[in-house]
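What follows is model-v8.cif (mmCIF, C-alpha atoms).
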data_entry
#
loop_
_atom_site.label_atom_id
_atom_site.label_comp_id
_atom_site.auth_asym_id
_atom_site.auth_seq_id
_atom_site.Cartn_x
_atom_site.Cartn_y
_atom_site.Cartn_z
CA VAL R 23 0.42 22.59 2.60
CA GLN R 24 1.05 24.87 -0.39
CA ARG R 25 -1.90 25.68 -2.61
CA LEU R 26 -1.45 24.19 -6.09
CA PRO R 27 -2.48 25.96 -9.31
CA ARG R 28 -5.84 24.65 -10.43
CA PRO R 29 -4.61 23.06 -13.70
CA VAL R 30 -1.98 21.13 -11.76
CA LEU R 31 -4.57 20.15 -9.19
CA GLU R 32 -6.73 18.84 -12.03
CA ARG R 33 -3.97 16.48 -13.09
CA LEU R 34 -2.25 15.26 -9.90
CA PRO R 35 -5.13 13.05 -8.69
CA ARG R 36 -5.21 11.45 -12.10
CA TYR R 37 -1.52 10.60 -11.93
CA LEU R 38 -2.23 9.15 -8.51
CA ARG R 39 -4.89 6.91 -9.97
CA ILE R 40 -2.47 5.58 -12.61
CA LEU R 41 0.20 5.06 -9.96
CA GLU R 42 -2.18 2.99 -7.88
CA GLN R 43 -2.90 0.86 -10.95
CA GLU R 44 0.84 0.44 -11.45
CA LEU R 45 1.20 -0.73 -7.85
CA LEU R 46 -1.56 -3.29 -8.40
CA ASN R 47 0.30 -4.46 -11.50
CA HIS R 48 3.51 -4.80 -9.45
CA ASN R 49 5.31 -2.17 -11.53
CA ASP R 50 7.90 -0.51 -9.29
CA TYR R 51 8.84 2.23 -11.76
CA THR R 52 6.87 4.26 -14.25
CA SER R 53 7.67 6.96 -16.81
CA SER R 54 6.45 10.48 -17.47
CA LEU R 55 5.68 9.34 -21.03
CA TYR R 56 3.33 6.61 -19.77
CA LEU R 57 1.69 8.86 -17.19
CA GLY R 58 1.13 11.53 -19.82
CA SER R 59 -0.36 9.16 -22.37
CA GLU R 60 -2.79 7.76 -19.81
CA ILE R 61 -4.24 11.12 -18.82
CA GLY R 62 -3.85 12.95 -22.10
CA VAL R 63 -1.01 15.43 -21.63
CA GLU R 64 2.51 15.75 -23.01
CA GLU R 65 5.51 14.26 -21.24
CA PHE R 66 7.06 17.64 -20.43
CA GLN R 67 3.87 18.64 -18.64
CA VAL R 68 4.04 15.52 -16.47
CA ARG R 69 7.61 16.32 -15.48
CA LYS R 70 6.66 19.92 -14.65
CA ASP R 71 3.70 18.75 -12.55
CA LEU R 72 5.69 16.16 -10.65
CA ALA R 73 8.25 18.82 -9.74
CA PHE R 74 5.71 19.86 -7.06
CA VAL R 75 6.76 16.77 -5.11
CA ASP R 76 10.39 16.12 -4.29
CA ILE R 77 10.72 12.71 -5.94
CA GLN R 78 13.39 12.27 -8.58
CA GLY R 79 13.07 9.97 -11.55
CA ILE R 80 15.93 7.50 -12.01
CA PRO R 81 17.49 7.62 -15.52
CA GLY R 82 16.61 4.48 -17.47
CA LYS R 83 14.09 3.38 -14.84
CA GLY R 84 11.69 6.26 -14.30
CA TYR R 85 9.85 7.34 -11.19
CA PRO R 86 9.62 5.02 -8.18
CA VAL R 87 5.88 4.32 -8.05
CA ARG R 88 5.40 3.82 -4.31
CA GLU R 89 7.36 6.90 -3.25
CA LEU R 90 5.72 9.08 -5.88
CA SER R 91 2.26 7.87 -4.86
CA GLY R 92 2.95 8.56 -1.18
CA ALA R 93 4.31 12.03 -1.91
CA LEU R 94 1.28 12.89 -4.06
CA LYS R 95 -1.10 11.70 -1.34
CA ASN R 96 0.68 13.98 1.15
CA LEU R 97 0.56 16.93 -1.22
CA LEU R 98 -3.12 16.34 -2.04
CA GLY R 99 -4.16 16.23 1.59
CA LEU R 100 -5.28 12.61 1.39
CA ASN R 101 -3.29 11.71 4.50
CA VAL R 102 -5.43 13.78 6.89
CA SER R 103 -8.96 13.10 8.08
CA THR R 104 -11.84 14.90 6.34
CA THR R 105 -15.41 14.86 7.66
CA ALA R 106 -18.49 15.14 5.50
CA VAL R 107 -22.28 15.05 5.56
CA VAL R 108 -24.29 13.62 2.69
CA ILE R 109 -27.46 15.57 1.82
CA GLY R 110 -29.96 13.43 -0.06
CA ALA R 111 -30.53 9.87 1.14
CA GLY R 112 -31.62 8.51 -2.22
CA ARG R 113 -29.84 5.59 -3.85
CA LEU R 114 -26.75 7.59 -4.80
CA GLY R 115 -26.50 9.24 -1.37
CA GLN R 116 -26.78 5.88 0.35
CA ALA R 117 -24.25 4.32 -2.01
CA LEU R 118 -21.72 7.07 -1.29
CA THR R 119 -22.35 6.85 2.45
CA GLN R 120 -21.32 3.21 2.36
CA TYR R 121 -18.63 3.39 -0.33
CA PRO R 122 -15.71 1.39 1.08
CA GLY R 123 -13.00 3.16 -0.91
CA PHE R 124 -13.27 6.52 0.86
CA SER R 125 -11.91 5.63 4.28
CA SER R 126 -8.43 4.81 2.96
CA PHE R 127 -8.32 8.39 1.67
CA GLY R 128 -9.27 9.84 5.05
CA LEU R 129 -12.91 10.67 4.32
CA LYS R 130 -15.33 10.03 7.16
CA ILE R 131 -19.04 10.50 6.49
CA VAL R 132 -20.57 11.55 9.80
CA GLY R 133 -24.12 12.39 8.75
CA LEU R 134 -26.77 11.52 6.17
CA LEU R 135 -29.65 13.98 5.79
CA ASP R 136 -32.83 14.00 3.74
CA ILE R 137 -35.74 16.37 3.29
CA ASP R 138 -38.22 13.46 3.22
CA GLU R 139 -39.60 13.02 6.74
CA ASN R 140 -40.54 9.43 5.90
CA LYS R 141 -36.88 8.55 5.55
CA VAL R 142 -35.79 10.26 8.79
CA GLY R 143 -34.84 7.68 11.42
CA GLU R 144 -34.02 4.90 8.92
CA LYS R 145 -30.56 3.40 9.32
CA VAL R 146 -27.97 3.28 6.51
CA GLY R 147 -25.01 1.33 7.83
CA ASP R 148 -24.16 2.94 11.15
CA LEU R 149 -25.89 6.23 10.37
CA GLU R 150 -29.45 7.21 11.10
CA ILE R 151 -30.98 9.48 8.47
CA LEU R 152 -31.53 12.97 9.92
CA SER R 153 -33.90 15.69 8.75
CA ALA R 154 -32.49 18.10 6.18
CA VAL R 155 -35.12 20.73 7.02
CA ASN R 156 -33.32 23.89 8.26
CA SER R 157 -30.13 21.88 8.34
CA SER R 158 -27.66 24.78 8.56
CA SER R 159 -27.54 24.88 12.39
CA LEU R 160 -27.17 21.09 12.61
CA ILE R 161 -24.34 21.14 10.07
CA ARG R 162 -22.65 24.02 11.87
CA LYS R 163 -22.79 22.02 15.13
CA MET R 164 -21.31 18.96 13.43
CA GLN R 165 -18.35 21.10 12.27
CA VAL R 166 -17.92 19.11 9.08
CA ASP R 167 -15.43 20.06 6.39
CA MET R 168 -17.53 19.10 3.42
CA ALA R 169 -21.08 18.53 2.18
CA ILE R 170 -21.83 15.91 -0.46
CA ILE R 171 -24.95 16.93 -2.38
CA THR R 172 -26.96 14.12 -3.96
CA VAL R 173 -30.40 15.74 -4.22
CA PRO R 174 -32.27 16.30 -7.50
CA ALA R 175 -31.04 19.20 -9.66
CA GLN R 176 -33.90 21.54 -8.78
CA GLU R 177 -33.19 21.26 -5.03
CA ALA R 178 -29.42 21.51 -5.19
CA GLN R 179 -28.97 25.30 -4.97
CA HIS R 180 -31.19 25.54 -1.91
CA VAL R 181 -29.24 22.72 -0.24
CA ALA R 182 -25.97 24.42 -1.17
CA ASP R 183 -27.16 27.65 0.49
CA GLU R 184 -28.01 25.72 3.66
CA VAL R 185 -24.69 23.88 3.94
CA ILE R 186 -22.76 27.08 3.25
CA ALA R 187 -24.70 28.74 6.08
CA GLY R 188 -23.66 25.67 8.06
CA GLN R 189 -20.04 26.66 7.37
CA VAL R 190 -18.83 23.79 5.24
CA ARG R 191 -15.71 24.74 3.28
CA ALA R 192 -16.19 22.46 0.32
CA ILE R 193 -19.06 20.92 -1.65
CA TRP R 194 -18.94 17.71 -3.65
CA ASN R 195 -21.84 18.17 -6.03
CA PHE R 196 -23.46 15.18 -7.74
CA ALA R 197 -26.53 17.12 -8.88
CA PRO R 198 -26.29 17.94 -12.61
CA VAL R 199 -26.48 21.70 -12.07
CA VAL R 200 -24.09 24.62 -11.68
CA LEU R 201 -24.11 25.88 -8.08
CA GLU R 202 -23.58 29.50 -7.14
CA VAL R 203 -21.33 29.71 -4.12
CA PRO R 204 -19.15 32.39 -2.48
CA PRO R 205 -15.49 32.34 -3.58
CA THR R 206 -14.38 30.94 -0.21
CA VAL R 207 -16.27 27.69 -0.81
CA PHE R 208 -14.77 25.10 -3.11
CA VAL R 209 -17.08 23.11 -5.38
CA ARG R 210 -16.22 19.91 -7.18
CA ASN R 211 -18.80 18.80 -9.74
CA GLU R 212 -19.02 15.10 -10.40
CA ASP R 213 -20.55 14.52 -13.78
CA LEU R 214 -21.07 10.98 -14.98
CA THR R 215 -21.94 12.14 -18.46
CA ILE R 216 -18.21 12.73 -19.08
CA GLY R 217 -17.50 9.03 -18.69
CA LEU R 218 -20.53 8.27 -20.81
CA ALA R 219 -19.27 10.52 -23.61
CA PHE R 220 -16.01 8.61 -23.60
CA LEU R 221 -17.74 5.27 -24.03
CA CYS R 222 -20.22 6.47 -26.62
CA HIS R 223 -17.48 7.88 -28.81
CA PHE R 224 -15.66 4.57 -28.73
CA LEU R 225 -18.83 2.71 -29.72
CA ALA R 226 -19.71 5.20 -32.47
CA SER R 227 -16.22 5.11 -33.97
CA THR R 228 -15.67 1.34 -33.85
CA PRO R 229 -17.43 -0.99 -36.28
CA ALA R 230 -19.69 -3.47 -34.50
CA ARG R 231 -18.48 -7.05 -34.57
CA THR R 232 -20.28 -9.29 -37.01
CA LYS R 233 -22.84 -11.77 -35.66
CA LYS R 234 -20.43 -14.61 -36.39
CA LEU R 235 -18.01 -13.54 -33.67
CA VAL A 4 -17.25 8.68 -37.27
CA GLN A 5 -13.48 9.11 -37.17
CA ARG A 6 -11.61 7.63 -34.22
CA LEU A 7 -10.04 10.33 -32.07
CA PRO A 8 -6.62 10.02 -30.43
CA ARG A 9 -7.04 9.01 -26.81
CA PRO A 10 -5.60 12.22 -25.29
CA VAL A 11 -8.04 14.30 -27.36
CA LEU A 12 -10.85 11.97 -26.38
CA GLU A 13 -9.90 12.53 -22.74
CA ARG A 14 -10.43 16.25 -23.15
CA LEU A 15 -13.39 16.72 -25.51
CA PRO A 16 -16.07 15.52 -23.07
CA ARG A 17 -14.68 17.91 -20.50
CA TYR A 18 -14.98 20.84 -22.91
CA LEU A 19 -18.52 19.69 -23.53
CA ARG A 20 -19.25 19.83 -19.83
CA ILE A 21 -17.98 23.43 -19.61
CA LEU A 22 -19.98 24.39 -22.72
CA GLU A 23 -23.15 23.06 -21.15
CA GLN A 24 -22.44 25.17 -18.08
CA GLU A 25 -21.94 28.17 -20.34
CA LEU A 26 -25.32 27.51 -21.96
CA LEU A 27 -26.95 27.38 -18.53
CA ASN A 28 -25.28 30.70 -17.72
CA HIS A 29 -26.66 32.16 -20.98
CA ASN A 30 -23.18 32.77 -22.39
CA ASP A 31 -23.42 32.56 -26.18
CA TYR A 32 -19.67 32.69 -26.79
CA THR A 33 -16.69 31.27 -24.97
CA SER A 34 -12.91 31.37 -25.42
CA SER A 35 -10.18 28.78 -25.77
CA LEU A 36 -8.43 30.50 -22.85
CA TYR A 37 -11.44 29.95 -20.58
CA LEU A 38 -11.99 26.36 -21.72
CA GLY A 39 -8.32 25.59 -21.13
CA SER A 40 -8.23 27.12 -17.67
CA GLU A 41 -11.31 25.14 -16.61
CA ILE A 42 -9.90 21.77 -17.58
CA GLY A 43 -6.22 22.43 -16.96
CA VAL A 44 -4.59 22.67 -20.38
CA GLU A 45 -3.01 25.49 -22.36
CA GLU A 46 -4.98 27.60 -24.78
CA PHE A 47 -3.11 26.32 -27.86
CA GLN A 48 -4.09 22.76 -26.92
CA VAL A 49 -7.75 23.75 -26.79
CA ARG A 50 -7.55 25.25 -30.26
CA LYS A 51 -5.82 22.13 -31.60
CA ASP A 52 -8.46 19.88 -30.02
CA LEU A 53 -11.38 21.91 -31.30
CA ALA A 54 -9.99 21.67 -34.83
CA PHE A 55 -11.51 18.16 -34.83
CA VAL A 56 -14.90 19.82 -35.25
CA ASP A 57 -15.54 22.30 -38.01
CA ILE A 58 -16.62 25.24 -35.86
CA GLN A 59 -14.70 28.50 -36.23
CA GLY A 60 -14.13 30.94 -33.42
CA ILE A 61 -15.16 34.53 -34.18
CA PRO A 62 -12.38 37.08 -33.56
CA GLY A 63 -13.15 39.17 -30.49
CA LYS A 64 -16.10 36.96 -29.54
CA GLY A 65 -14.81 33.41 -29.32
CA TYR A 66 -16.53 30.12 -30.11
CA PRO A 67 -20.31 29.98 -30.47
CA VAL A 68 -21.28 27.81 -27.51
CA ARG A 69 -24.37 26.11 -28.87
CA GLU A 70 -22.86 25.18 -32.24
CA LEU A 71 -19.66 23.93 -30.65
CA SER A 72 -21.57 21.86 -28.12
CA GLY A 73 -23.72 20.29 -30.84
CA ALA A 74 -20.70 19.49 -33.00
CA LEU A 75 -18.88 17.90 -30.07
CA LYS A 76 -21.92 15.76 -29.22
CA ASN A 77 -22.00 14.53 -32.82
CA LEU A 78 -18.30 13.77 -32.83
CA LEU A 79 -18.48 11.99 -29.46
CA GLY A 80 -21.33 9.73 -30.56
CA LEU A 81 -23.75 11.18 -28.02
CA ASN A 82 -26.40 11.67 -30.68
CA VAL A 83 -26.97 7.96 -31.30
CA SER A 84 -28.68 5.43 -29.06
CA THR A 85 -26.51 3.19 -26.85
CA THR A 86 -27.88 0.22 -24.92
CA ALA A 87 -26.46 -1.10 -21.68
CA VAL A 88 -26.96 -3.63 -18.92
CA VAL A 89 -26.05 -2.88 -15.32
CA ILE A 90 -24.43 -5.79 -13.44
CA GLY A 91 -24.78 -5.40 -9.69
CA ALA A 92 -28.13 -4.23 -8.31
CA GLY A 93 -26.71 -2.67 -5.14
CA ARG A 94 -27.31 0.95 -4.29
CA LEU A 95 -24.94 2.30 -6.94
CA GLY A 96 -26.28 -0.01 -9.64
CA GLN A 97 -29.84 1.00 -8.83
CA ALA A 98 -28.89 4.67 -8.74
CA LEU A 99 -27.30 4.45 -12.19
CA THR A 100 -30.24 2.50 -13.58
CA GLN A 101 -32.52 5.38 -12.67
CA TYR A 102 -30.15 8.29 -13.29
CA PRO A 103 -32.24 10.81 -15.25
CA GLY A 104 -29.28 12.50 -16.97
CA PHE A 105 -28.34 9.57 -19.21
CA SER A 106 -31.28 9.49 -21.58
CA SER A 107 -30.52 12.91 -23.05
CA PHE A 108 -27.14 11.46 -24.07
CA GLY A 109 -28.73 8.47 -25.79
CA LEU A 110 -28.01 5.83 -23.12
CA LYS A 111 -30.79 3.30 -22.56
CA ILE A 112 -30.37 0.81 -19.73
CA VAL A 113 -32.25 -2.31 -20.80
CA GLY A 114 -31.28 -4.75 -18.06
CA LEU A 115 -30.27 -4.90 -14.40
CA LEU A 116 -28.62 -8.12 -13.21
CA ASP A 117 -27.47 -9.36 -9.82
CA ILE A 118 -25.83 -12.52 -8.55
CA ASP A 119 -28.01 -12.47 -5.41
CA GLU A 120 -31.02 -14.72 -6.06
CA ASN A 121 -32.94 -12.90 -3.31
CA LYS A 122 -32.89 -9.72 -5.40
CA VAL A 123 -33.98 -11.43 -8.64
CA GLY A 124 -37.54 -10.45 -9.55
CA GLU A 125 -37.51 -7.16 -7.60
CA LYS A 126 -38.44 -4.11 -9.64
CA VAL A 127 -36.22 -1.05 -10.02
CA GLY A 128 -38.20 1.52 -11.97
CA ASP A 129 -39.45 -0.31 -15.06
CA LEU A 130 -36.82 -3.05 -14.86
CA GLU A 131 -37.06 -6.37 -13.08
CA ILE A 132 -33.77 -7.58 -11.62
CA LEU A 133 -32.51 -10.62 -13.54
CA SER A 134 -30.08 -13.29 -12.43
CA ALA A 135 -26.41 -12.63 -13.19
CA VAL A 136 -25.54 -16.33 -12.89
CA ASN A 137 -24.12 -17.49 -16.24
CA SER A 138 -25.20 -14.18 -17.72
CA SER A 139 -23.14 -14.31 -20.92
CA SER A 140 -25.84 -15.99 -23.05
CA LEU A 141 -28.53 -13.63 -21.74
CA ILE A 142 -26.34 -10.61 -22.50
CA ARG A 143 -25.53 -11.95 -25.97
CA LYS A 144 -29.27 -12.30 -26.67
CA MET A 145 -29.94 -8.75 -25.47
CA GLN A 146 -27.32 -7.49 -27.97
CA VAL A 147 -26.31 -4.61 -25.74
CA ASP A 148 -23.44 -2.29 -26.57
CA MET A 149 -22.15 -1.83 -23.06
CA ALA A 150 -22.01 -3.34 -19.59
CA ILE A 151 -21.95 -1.15 -16.50
CA ILE A 152 -20.19 -3.01 -13.68
CA THR A 153 -21.16 -2.03 -10.14
CA VAL A 154 -20.24 -5.20 -8.23
CA PRO A 155 -17.66 -5.34 -5.40
CA ALA A 156 -14.00 -5.24 -6.47
CA GLN A 157 -13.35 -8.95 -5.89
CA GLU A 158 -16.21 -9.97 -8.24
CA ALA A 159 -15.53 -7.49 -11.00
CA GLN A 160 -13.06 -9.48 -13.13
CA HIS A 161 -15.38 -12.50 -13.25
CA VAL A 162 -18.28 -10.28 -14.26
CA ALA A 163 -16.10 -8.63 -16.92
CA ASP A 164 -15.25 -12.05 -18.36
CA GLU A 165 -18.96 -12.92 -18.53
CA VAL A 166 -20.05 -9.72 -20.26
CA ILE A 167 -17.18 -9.96 -22.74
CA ALA A 168 -18.32 -13.51 -23.55
CA GLY A 169 -21.75 -11.89 -23.96
CA GLN A 170 -20.18 -9.70 -26.67
CA VAL A 171 -20.43 -6.27 -25.16
CA ARG A 172 -18.02 -3.85 -26.83
CA ALA A 173 -17.46 -1.51 -23.91
CA ILE A 174 -17.39 -1.67 -20.13
CA TRP A 175 -18.09 1.17 -17.73
CA ASN A 176 -16.36 -0.01 -14.59
CA PHE A 177 -17.31 1.40 -11.18
CA ALA A 178 -15.50 -1.31 -9.22
CA PRO A 179 -12.19 0.03 -7.81
CA VAL A 180 -10.06 -2.53 -9.63
CA VAL A 181 -8.12 -2.79 -12.89
CA LEU A 182 -9.90 -5.14 -15.31
CA GLU A 183 -8.07 -7.32 -17.79
CA VAL A 184 -9.88 -7.26 -21.12
CA PRO A 185 -9.02 -8.06 -24.74
CA PRO A 186 -7.86 -5.06 -26.81
CA THR A 187 -11.15 -4.99 -28.75
CA VAL A 188 -13.11 -4.12 -25.61
CA PHE A 189 -13.02 -0.56 -24.35
CA VAL A 190 -12.98 0.04 -20.59
CA ARG A 191 -13.73 3.30 -18.84
CA ASN A 192 -12.90 3.34 -15.14
CA GLU A 193 -14.95 5.64 -12.97
CA ASP A 194 -13.02 6.44 -9.85
CA LEU A 195 -14.62 8.72 -7.28
CA THR A 196 -11.39 9.01 -5.34
CA ILE A 197 -10.14 11.45 -8.00
CA GLY A 198 -12.85 13.94 -7.07
CA LEU A 199 -12.16 13.27 -3.43
CA ALA A 200 -8.46 14.06 -3.89
CA PHE A 201 -9.42 17.38 -5.43
CA LEU A 202 -11.55 18.36 -2.44
CA CYS A 203 -9.12 17.12 0.19
CA HIS A 204 -6.29 19.14 -1.30
CA PHE A 205 -8.38 22.27 -1.19
CA LEU A 206 -9.25 21.67 2.45
CA ALA A 207 -5.68 20.84 3.42
CA SER A 208 -4.25 23.91 1.71
CA THR A 209 -6.82 26.44 2.91
CA PRO A 210 -6.83 27.70 6.50
CA ALA A 211 -10.06 26.81 8.32
CA ARG A 212 -12.29 29.75 9.06
CA THR A 213 -12.17 30.98 12.61
CA LYS A 214 -15.09 30.15 14.92
CA LYS A 215 -16.15 33.80 14.80
CA LEU A 216 -17.20 33.56 11.17
#

Encoded form (structure tokens):
Amino acid sequence: VQRLPRPVLERLPRYLRILEQELLNHNDYTSSLYLGSEIGVEEFQVRKDLAFVDIQGIPGKGYPVRELSGALKNLLGLNVSTTAVVIGAGRLGQALTQYPGFSSFGLKIVGLLDIDENKVGEKVGDLEILSAVNSSSLIRKMQVDMAIITVPAQEAQHVADEVIAGQVRAIWNFAPVVLEVPPTVFVRNEDLTIGLAFLCHFLASTPARTKKL
Amino acid sequence: VQRLPRPVLERLPRYLRILEQELLNHNDYTSSLYLGSEIGVEEFQVRKDLAFVDIQGIPGKGYPVRELSGALKNLLGLNVSTTAVVIGAGRLGQALTQYPGFSSFGLKIVGLLDIDENKVGEKVGDLEILSAVNSSSLIRKMQVDMAIITVPAQEAQHVADEVIAGQVRAIWNFAPVVLEVPPTVFVRNEDLTIGLAFLCHFLASTPARTKKL
């Protein structure tokens, strides 16, 4: 698979999300104008981005949604299996471990670790919580692709160091902190405050309805 | 507060996220080039977007990070208090209810509701789980700004109908489904599969390290 430029890679999954909505809405074709307006870029940019997959738009109809979605999934590596461990068996870690939407994108969570010895041995779905103390050798043995970090902010860098020593190639970071990692390791930060900012702006800029309504 | 165009509103919170990273890294100034490369847009677009706040870049230095961050928070409505109820007291709902990062952005979660009568009365932090059965009158009485929906996909539309009848003005939807809402209600969909796509593409496009490493 070719490596995409980062700005393109920022946008393709978002097109994919819109396309999946279109499929749910039984729309067989969609336009670059619509895709652009939904994710906040110009139409020409959408067309440039979609040139990375070999799907042609049909004049007067637009892009075929199902084909485009399938081609994007291929390009994004969502059609191959990815293994991950979750570090931090708090509520978020447990929620992610059992999130039903991941398996259709090829993600298999094969381990759930926590530093708290009182949690070790508890079951979450099919997984038994394992000790995260000196976890690098365990993670290396598991040969996982990715670590999902859901520990508190102040513990996250230490956990990142451990999983990198355990030879994961990517980190999905849910701790609200910037991780320092070697350039060979890919980090994706998941920050819920972005969504929150979106909502708060809407509320702040829209007059409240009167009591009567 | 003026209402921002949706594409701009898509991008401003993401600049804010980068600015907060810059602050953590003790960088006092940042550039439109850097901001653009981090979120995947061209430099000229960054400058156009940042014209919505009255912060000037300094030639040769760039934008002052702290001032720009503060101005964006004001513009995005993150400096005023927002109240919310969480519907769905599963693991994700409980995790969000106790997420420590929200309060600094003015979000106060004042209720946690679930349809499961066995959960009603349990405590999550300071909140007691309330019944989500016929919740619209309860939500109307609470006068909350926002509902956070963390129920399974097949229940989400029904819950959305209830909270809209309860006069919330915005919905933060974590269920992987497209909600139908009146145009006066703002919906933000939070879809973790976007982050997952990002990681999977990196893994698929990068050769695995050899065992030797």

Which residues of chain A have any atom within 7 Å of an atom in chain R when counting all atoms listed in the file, and what is the closest pair of atoms for each, with the distance in Å to one decimal? Order the rows by chain and rising number and write it as a Markdown table.
| residue | atom | partner | partner_atom | distance |
| --- | --- | --- | --- | --- |
| A:Val4 | CA | R:Ser227 | CA | 5.0 |
| A:Gln5 | CA | R:Ser227 | CA | 5.8 |
| A:Arg6 | CA | R:Ser227 | CA | 5.3 |
| A:Arg9 | CA | R:Gly62 | CA | 6.9 |
| A:Pro10 | CA | R:Gly62 | CA | 3.7 |
| A:Val11 | CA | R:Gly62 | CA | 6.9 |
| A:Leu12 | CA | R:Phe220 | CA | 6.8 |
| A:Glu13 | CA | R:Gly62 | CA | 6.1 |
| A:Pro16 | CA | R:Ile216 | CA | 5.3 |
| A:Arg17 | CA | R:Ile216 | CA | 6.4 |
| A:Gln24 | CA | R:Val200 | CA | 6.6 |
| A:Ser40 | CA | R:Pro29 | CA | 6.7 |
| A:Ile42 | CA | R:Pro29 | CA | 6.7 |
| A:Gly43 | CA | R:Pro29 | CA | 3.7 |
| A:Val44 | CA | R:Pro29 | CA | 6.7 |
| A:Leu79 | CA | R:His223 | CA | 4.3 |
| A:Gly80 | CA | R:His223 | CA | 4.6 |
| A:Leu81 | CA | R:Cys222 | CA | 6.1 |
| A:Arg94 | CA | R:Ala117 | CA | 5.1 |
| A:Leu95 | CA | R:Ala117 | CA | 5.4 |
| A:Gln97 | CA | R:Arg113 | CA | 6.8 |
| A:Ala98 | CA | R:Arg113 | CA | 5.1 |
| A:Phe105 | CA | R:Thr215 | CA | 6.9 |
| A:Ala173 | CA | R:Leu221 | CA | 6.8 |
| A:Val181 | CA | R:Gln43 | CA | 6.7 |
| A:Arg191 | CA | R:Leu221 | CA | 6.8 |
| A:Thr196 | CA | R:Phe124 | CA | 6.9 |
| A:Ile197 | CA | R:Pro35 | CA | 5.3 |
| A:Gly198 | CA | R:Arg210 | CA | 6.9 |
| A:Ala200 | CA | R:Pro35 | CA | 5.9 |
| A:Phe201 | CA | R:Leu31 | CA | 6.7 |
| A:Leu202 | CA | R:Ala192 | CA | 6.8 |
| A:Cys203 | CA | R:Gly99 | CA | 5.2 |
| A:His204 | CA | R:Leu98 | CA | 4.3 |
| A:Ala207 | CA | R:Gly99 | CA | 5.2 |
| A:Ser208 | CA | R:Val23 | CA | 4.9 |

Preceding selection exported with C-alpha atoms as an mmCIF file, in the coordinates of the input:
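Just written: result.cif:
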data_model
loop_
_atom_site.group_PDB
_atom_site.id
_atom_site.type_symbol
_atom_site.label_atom_id
_atom_site.label_comp_id
_atom_site.auth_asym_id
_atom_site.auth_seq_id
_atom_site.Cartn_x
_atom_site.Cartn_y
_atom_site.Cartn_z
ATOM 1 C CA VAL A 4 -17.250 8.680 -37.270
ATOM 2 C CA GLN A 5 -13.480 9.110 -37.170
ATOM 3 C CA ARG A 6 -11.610 7.630 -34.220
ATOM 4 C CA ARG A 9 -7.040 9.010 -26.810
ATOM 5 C CA PRO A 10 -5.600 12.220 -25.290
ATOM 6 C CA VAL A 11 -8.040 14.300 -27.360
ATOM 7 C CA LEU A 12 -10.850 11.970 -26.380
ATOM 8 C CA GLU A 13 -9.900 12.530 -22.740
ATOM 9 C CA PRO A 16 -16.070 15.520 -23.070
ATOM 10 C CA ARG A 17 -14.680 17.910 -20.500
ATOM 11 C CA GLN A 24 -22.440 25.170 -18.080
ATOM 12 C CA SER A 40 -8.230 27.120 -17.670
ATOM 13 C CA ILE A 42 -9.900 21.770 -17.580
ATOM 14 C CA GLY A 43 -6.220 22.430 -16.960
ATOM 15 C CA VAL A 44 -4.590 22.670 -20.380
ATOM 16 C CA LEU A 79 -18.480 11.990 -29.460
ATOM 17 C CA GLY A 80 -21.330 9.730 -30.560
ATOM 18 C CA LEU A 81 -23.750 11.180 -28.020
ATOM 19 C CA ARG A 94 -27.310 0.950 -4.290
ATOM 20 C CA LEU A 95 -24.940 2.300 -6.940
ATOM 21 C CA GLN A 97 -29.840 1.000 -8.830
ATOM 22 C CA ALA A 98 -28.890 4.670 -8.740
ATOM 23 C CA PHE A 105 -28.340 9.570 -19.210
ATOM 24 C CA ALA A 173 -17.460 -1.510 -23.910
ATOM 25 C CA VAL A 181 -8.120 -2.790 -12.890
ATOM 26 C CA ARG A 191 -13.730 3.300 -18.840
ATOM 27 C CA THR A 196 -11.390 9.010 -5.340
ATOM 28 C CA ILE A 197 -10.140 11.450 -8.000
ATOM 29 C CA GLY A 198 -12.850 13.940 -7.070
ATOM 30 C CA ALA A 200 -8.460 14.060 -3.890
ATOM 31 C CA PHE A 201 -9.420 17.380 -5.430
ATOM 32 C CA LEU A 202 -11.550 18.360 -2.440
ATOM 33 C CA CYS A 203 -9.120 17.120 0.190
ATOM 34 C CA HIS A 204 -6.290 19.140 -1.300
ATOM 35 C CA ALA A 207 -5.680 20.840 3.420
ATOM 36 C CA SER A 208 -4.250 23.910 1.710
#

For Ile161 (chain R), the nearest of the candidates R:Val87, R:Ala93, R:Ala73, R:Ala187, counting all atoms listed in the file: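 Of the candidates, the smallest distance to Ile161 (chain R) is held by R:Ala187.
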
Straight-line distance linking CA of Ser159 (chain R) with CA of Ala182 (chain R), stated in Å to one decimal: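 These atoms are spaced 13.7 Å apart.
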
Counting only C-alpha atoms, the option among R:Val68, R:Ile80, R:Ser91, R:Tyr85 closest to Tyr51 (chain R): R:Tyr85

Explicit residue set for the PyMOL selection byres ((chain A and resi 153) around 6), as a VMD selection string: chain A and resid 90 to 91 96 152 154 177 to 178

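Residues lying at most 12 Å from (-33.2, -10.9, -9.2) in file coordinates, with all atoms listed in the file considered, are A:Ile90, A:Gly91, A:Ala92, A:Gly93, A:Gly114, A:Leu115, A:Leu116, A:Asp117, A:Ile118, A:Asp119, A:Glu120, A:Asn121, A:Lys122, A:Val123, A:Gly124, A:Glu125, A:Lys126, A:Val127, A:Leu130, A:Glu131, A:Ile132, A:Leu133, A:Ser134, A:Ala135, A:Val136.
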
Dig up all the protein and nucleic acid residues within 9 Å of (12.7, 8.0, -20.6) in the file frame, using all atoms listed in the file, and format them as a short mmCIF file (atom, residue, chain, number, x, y, z; two decimals) with C-alpha atoms, in the frame of the given file.
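Now in result_37.cif:
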data_model
loop_
_atom_site.label_atom_id
_atom_site.label_comp_id
_atom_site.auth_asym_id
_atom_site.auth_seq_id
_atom_site.Cartn_x
_atom_site.Cartn_y
_atom_site.Cartn_z
CA SER R 53 7.67 6.96 -16.81
CA SER R 54 6.45 10.48 -17.47
CA LEU R 55 5.68 9.34 -21.03
CA PRO R 81 17.49 7.62 -15.52
CA GLY R 82 16.61 4.48 -17.47
CA LYS R 83 14.09 3.38 -14.84
CA GLY R 84 11.69 6.26 -14.30
#
